[in-house]
Each structure stands twice: as C-alpha cells, then as structure tokens.
Amino acid sequence: MTNTQAEQTLDPDDWDSFRSRAHAMLDAAIDQMINAPQGRVWHPVTDEIKAALQSDLPALGDAQTTDAQMKNLLPYGVGNTHPRFFGWVHGAGTPSNILAEMAAAAMNANLGGRDHVAIYVEKQVIAWVKAIFDFPASASGLIVSGTSIATLIALKAARDRVSDFAARKTGISAGQLVGYTSTQTHSCVARAFDMLGLGTDALRKIPVNANFEIDTDALRAAIKADRAAGLTPFAVIGTAGAVNVGAIDDLDTLADIAAGENIWLHIDGAFGATGILSDEIKPKLRGIERTDSIAFDFHKWLHVNYDAGFVLMRSEADHRRAFSERPDYLKGADRGLAAGNPWPTEYGPELSRGFRALKIWAQLSEHGTEKLGQLISQNCAQARYLGQLVDADPQLERRAPVAMNICCFRYTAPETNLNTLNEEIVIQLQLRGIAAPSTTMIHGETAIRVNITNHRTRRADLDILTAAIREIGAELVGSGSHAAH
Ligand SMILES: *Cc1c(COP(=O)(O)O)cnc(C)c1O
C-alpha cells in the first residue's frame, strides 16, 4: 500500500450523523410497532418494492438509499404483528425485543463457544428452561432457530444412543430403527427422519382418538408388531399442541410406554409446551417432566421476535456424545478465551451462532413467566369465545373441539362445494386485509383454522372475523361460483 492511499474501515466517518441515522431507524421501527394493530392485516408486496429488490449487485454502496429502502419494507410483513393474524402458528413479537436485538447486534457475539458474557446469558436461559419444565439441574439444552432443528438434534441423540453412539462413525443400516408419532404430527418429524438417514418410512403414524390425541393402545400394538418383525423401536414422538387442532397427547401414558419399552420419548411442543406457564394448560401437560427431550419455540406463544427455538435434553451426556467432536483448532482450555468448556458447539450441528439468547433472556426478564402465562390463558379463553360464536351461528359449523387456542370451523350453505367455498373465504379475508386465518383438512374436509397465539387479539377482533366470514360467504354463494356439481 502506498501512503497516498488512506486505510479504510466500515465504521462511519461521522458518528454524530450515524447517531441521527440510527435514531431515525429506531423511530421508524417503533412507528411500525405502534401502527401494527391498525389497518390491513396483510399488505401484499407492491410491484415497486419487488422491482426495487431486483437491482444490480452494488459495486458502490450508499447509506441514504439503503436506509430509505429498509424503511419502505417495514409494512410488508406477513401480518403477524396484527391482532387479527390467525394463520398457522406465528408469534406476535414485542416492541421491547427491538431493544434486545440492538444490544445483541452491538456486541456481535458468536456463541459457538469460548469464555465471554453472551455464553453466560445462554446458560441462564437454559437454567430457566429447566425450571419451567421441572427438569433436573443435570439436564442440558441449546438455543436454536426453531422446533424443526430442535427436533433433528433430539432425534439424533435418540438415534445414536441405541448403538451407544457407534452410529456416529458407522452410520445405520436402512430400515432397522423405527419410530412412532401420531397422524397429527408436524412435518418436521418426518423431515428429521429423512435427514438422519432413517428414512421417512421408518416413522409410523399412529391413529388418533376423537380428540385428535395419539391412540396409546394402537401405539403399544405397533411397537409389539415391529419387535416381532425383528425391528428396533427407538423413539416415540409425542405432540403437545398439534398444529391442526391444538391437541395434546397423553404424555404421562407415553412416558409409561417409553419407560417400559426402553424407548426415547421426544415431545414436539413447538407452541403447546410453553402452555406450561398457563395455570389452565399446565395440568394437561402432566408427564412432560418425564420425557427424554422437548423441542419448542420461544417465537410462537412467548412472542420472542423471530427466530428462537430450544431443545431440552434430560441426559447431558447423551446430548454431548451425539455432537461433540472438537478438532485441534477448537481445543478448549482451562484459562483464557478458549475456556468455558463444554462449548455450545458440542450440543448441536452449528459452530458459529448468533446471540438469540439475549432476546429470549430479555423477554423473560422484562415480562416474567406469570404475565406470559396469563396471555396464553387469555388466548385459550378467546378461542373458546370464538367456539361459542360459531356454535351460536347456524351458518357456521365447528369441525373439532377447541383444545387450546385453535378453533376449526367452516361456513355452510346448501348445494355448495364447501371445500372450495371455505378456501375462497379464507383467501378473500386475506386479500381484503380483514383477517388472516389459514385452512386445514379435518376428516378430509377443508376447515377455516383460527390459531390465536397473539397478545394483541381482543374478543372484538373475533366478532369482526365471524361477521366478515358471514358476509363473504353469502356474497360468494350469491354469485353462484361455488355451486356443487
Ligand atoms: C411450528 C411448529 C413446528 C415447527 O417449528 P419451527 O419453529 O417453525 O421450526 C413443529 N411442530 C409444531 C407443532 C409446530 O406448531
């Protein structure tokens, strides 16, 4: 380098103007949160925004247009910060998590390992999770992006334990290990079987009872049949809050079966497991404290801003033996920066990891488990209220019991194809910006599915929803476009 060339950096030349830029963005972010409950639920992305996001790769950057473009994006989310977002299972987020995200970005921490304060924040979160689920202090856990990856991590430990962890080196032979879950399972379980080399055929889908809970007699019979056929049952995956209707399997009985058969019991509790903070759901989760592992999300019913999931494991040894492999360049130490063993990277597939722990810690620290639990109960009461509105309306028909926070129903009309009609009603609700439920199939037929994991929802929002469904339903039936043939 010649001395006529100034050395460069990505830091601002002028910190004062950077400060005003940052304050302006913070104001825009807060305005976004203030305005979130008003207006349309879903703002479809405009052609202008799409075009602006198809520009050439910038060789020369520019802060002003970058900030302007970022601010332009803010309204165009899926709508899950709006009180009438009821689709799938999305958390609503909190304004205060913006602060945690700012602090985390300022530290730019890498939580793969080493001895620094962010690791202690994650350890605090792990200890709190053990307290929430009444797990022993000797248990272990890891913050991850979501329940899908948490499920993969838990089932990897379950898979490896069968061979006393030899499978890590030798792999597994196709079709030998089999696992069990209910027909209400989330697709992430089958995907984990695929990624772990078990194959999705090795996941047995056990039928459910009238409440959509796994039929435990059928489960016992399936395990017996597989053993008789010379196969090795290795895992039962129970569901605490099934995605279709919110059903919770009988976890105590599953724990008995798993203990009797020496099979790993994993729980997919993506949103439902956090119901343990609610007095009304807690009794339904009895037995969850006896499981080998739990996968759940902080970004759903605890409203941590995306993304934040967790895998909790009873056996720290099994967890670490399934993932630990430290090459020389990552060797730990007793002192200095490389201390703090074992490192988080020994509990999952990732090395570099961001500081998700801070926003989780801040959410629990600021709001407390009591209030978070009350908000969960509030959503359940709202779902029951919606169930009453549906039951009181001759045009509406409930399609499943309100198990927790989910109400599935449909609009009815004579001589009409109800599947296409209800699909169109949901699309119209979304397009018109009124509300955003989703659809699902119940007993082979389309239902409007309203999931309330939303601390902004009020009962009046459910009145608006049902009135709009009646109006749109009548309009569509009147236009004759959904007549049965
Ligand atoms: C959302 C959900 C998942 C997947 O969780 P991600 O955080 O999206 O990976 C799994 N199971 C159930 C029951 C869910 O609701």
# chains A, B, ... in the order shown; residues from 1 in each chain; ligands from 1
>>> residues_near_ligand(ligand="ligand 1", cutoff="10 Å", atoms="only C-alpha atoms and all ligand atoms", output="ChimeraX atom specification")
/A:88-91,144-151,184-189,239-248,267-273,295-301,306-310
>>> select_by_dssp(residues="segment 273-448 of chain A", states="alpha helix (DSSP H)", output="count of residues only")
58
>>> closest_residue(among="A:Gln363, A:Tyr411, A:Glu325, A:Leu462", to="Ala383 of chain A", atoms="only C-alpha atoms")
A:Leu462
>>> residues_around(residues="segment 430-436 of chain A", least_positions_apart="4", cutoff="6 Å", atoms="only C-alpha atoms", output="PyMOL selection string")
chain A and resi 40-42+84-87
>>> atom_distance(atom1="atom CA of Val477 of chain A", atom2="atom CA of Ile442 of chain A")
22.1 Å
>>> closest_residue(among="A:Ala221, A:Leu386, A:Leu312, A:Val208", to="Ala460 of chain A", atoms="only C-alpha atoms")
A:Leu386
>>> residues_around(residues="Val304 of chain A", least_positions_apart="6", cutoff="12 Å", atoms="only C-alpha atoms", output="PyMOL selection string")
chain A and resi 81+90-101+145-146+297-298+356-367+372+453-455
>>> closest_residue(among="A:Ile223, A:Ala158, A:Ala202, A:Ile257", to="Gln176 of chain A", atoms="only C-alpha atoms")
A:Ala202
>>> closest_residue(among="A:Leu196, A:Ala468, A:Ile49, A:Val129", to="Leu277 of chain A", atoms="only C-alpha atoms")
A:Val129
>>> closest_residue(among="A:Ala192, A:Ala22, A:Leu142, A:Val311", to="Lys156 of chain A", atoms="only C-alpha atoms")
A:Ala192
>>> residues_around(residues="Asp226 of chain A", least_positions_apart="4", cutoff="10 Å", atoms="only C-alpha atoms", output="ChimeraX atom specification")
/A:176-179,221-222,230-233
